[in-house]
$ cat input.tsv   # TSV, C-alpha atoms
chain	number	residue	atom	x	y	z
A	1	MET	CA	17.15	-24.81	8.93
A	2	MET	CA	17.18	-27.15	5.94
A	3	LEU	CA	13.80	-28.58	6.91
A	4	GLN	CA	12.36	-25.07	7.01
A	5	ILE	CA	13.83	-24.17	3.61
A	6	GLY	CA	12.53	-27.41	2.12
A	7	GLY	CA	9.05	-26.69	3.44
A	8	PHE	CA	8.77	-30.10	5.12
A	9	TYR	CA	6.71	-28.73	8.00
A	10	ALA	CA	4.30	-26.63	5.93
A	11	TYR	CA	1.68	-29.40	6.03
A	12	TYR	CA	1.83	-29.57	9.83
A	13	LEU	CA	1.50	-25.85	10.56
A	14	LYS	CA	-1.53	-25.02	12.67
A	15	GLY	CA	-2.99	-21.65	13.61
A	16	SER	CA	-4.27	-18.72	11.61
A	17	VAL	CA	-2.05	-15.86	12.78
A	18	ILE	CA	0.94	-17.58	14.38
A	19	PRO	CA	1.83	-20.97	12.90
A	20	PHE	CA	2.34	-23.81	15.37
A	21	ILE	CA	3.68	-27.33	14.99
A	22	SER	CA	2.51	-29.91	17.49
A	23	ILE	CA	5.14	-31.98	19.29
A	24	ASN	CA	3.67	-35.23	17.96
A	25	ASP	CA	3.82	-34.02	14.36
A	26	CYS	CA	7.42	-32.96	14.84
A	27	LYS	CA	8.30	-36.27	16.48
A	28	LYS	CA	6.72	-38.32	13.67
A	29	THR	CA	8.49	-36.31	10.99
A	30	LEU	CA	11.87	-36.60	12.71
A	31	ILE	CA	11.44	-40.35	13.16
A	32	LYS	CA	10.65	-40.71	9.45
A	33	GLY	CA	13.73	-38.63	8.66
A	34	PHE	CA	16.00	-40.76	10.82
A	35	GLU	CA	14.60	-43.93	9.28
A	36	SER	CA	15.23	-42.66	5.77
A	37	SER	CA	18.65	-41.22	6.61
A	38	GLU	CA	20.23	-44.54	5.74
A	39	ASN	CA	19.02	-44.10	2.19
A	40	SER	CA	21.88	-43.06	-0.11
A	41	GLU	CA	19.54	-40.81	-2.11
A	42	PHE	CA	18.69	-38.92	1.08
A	43	ASN	CA	22.37	-38.45	1.92
A	44	LYS	CA	23.04	-37.30	-1.64
A	45	HIS	CA	20.41	-34.57	-1.30
A	46	ILE	CA	21.74	-33.50	2.11
A	47	LYS	CA	25.24	-33.12	0.65
A	48	ALA	CA	23.85	-31.11	-2.27
A	49	VAL	CA	21.95	-28.74	0.04
A	50	THR	CA	25.04	-28.37	2.24
A	51	LEU	CA	27.17	-27.50	-0.78
A	52	ILE	CA	24.60	-25.00	-2.03
A	53	SER	CA	24.46	-23.36	1.42
A	54	LYS	CA	28.25	-23.11	1.49
A	55	ASN	CA	28.31	-21.52	-1.96
A	56	GLU	CA	25.54	-19.12	-0.94
A	57	LYS	CA	27.57	-17.94	2.07
A	58	GLU	CA	30.65	-17.46	-0.12
A	59	LEU	CA	28.64	-15.40	-2.62
A	60	GLN	CA	27.16	-13.28	0.16
A	61	ASN	CA	30.69	-12.63	1.39
A	62	VAL	CA	31.73	-11.55	-2.11
A	63	ILE	CA	28.71	-9.24	-2.35
A	64	GLU	CA	29.60	-7.64	1.00
A	65	LYS	CA	33.18	-7.08	-0.16
A	66	MET	CA	31.97	-5.54	-3.42
A	67	ALA	CA	29.72	-3.16	-1.47
A	68	LEU	CA	32.72	-2.07	0.62
A	69	LEU	CA	34.77	-1.60	-2.54
A	70	LYS	CA	32.01	0.50	-4.07
A	71	LYS	CA	31.88	2.70	-0.96
A	72	SER	CA	35.63	3.17	-1.00
A	73	TYR	CA	35.56	4.21	-4.68
A	74	ILE	CA	32.80	6.74	-3.94
A	75	LYS	CA	34.71	8.13	-0.95
A	76	ASN	CA	37.84	8.37	-3.08
A	77	ILE	CA	35.99	10.30	-5.79
A	78	PHE	CA	34.61	12.83	-3.29
A	79	LYS	CA	37.99	13.13	-1.60
A	80	LYS	CA	39.59	14.10	-4.93
A	81	ALA	CA	36.77	16.57	-5.65
A	82	ASN	CA	37.45	18.53	-2.46

$ encode --input "input.tsv" --output "structure tokens"
Amino acid sequence: MMLQIGGFYAYYLKGSVIPFISINDCKKTLIKGFESSENSEFNKHIKAVTLISKNEKELQNVIEKMALLKKSYIKNIFKKAN
């Protein structure tokens, strides 16, 4: 998922209507990634993306709860009106 968000495979996409990635392109990219995974800068970026994803999920959860709260307030208003 992180590779898709980062757009790492955009260069390798083939096809006009449906994008395809060849197995060799994928293999080469993954090998490069594993080789550079020992780099501390790489690990730093992975941790940052992981933290951002975690915060994004928490915020989405808060938004869902606020939507439920809004619905309950609206229902409560109409219940009092009747």

$ atom_distance --input "input.tsv" --atom1 "atom CA of A:Gln60" --atom2 "atom CA of A:Ile74"
21.2 Å

$ atom_distance --input "input.tsv" --atom1 "atom CA of A:Asn24" --atom2 "atom CA of A:Asn39"
23.7 Å

$ atom_distance --input "input.tsv" --atom1 "atom CA of A:Phe42" --atom2 "atom CA of A:Asn55"
20.1 Å
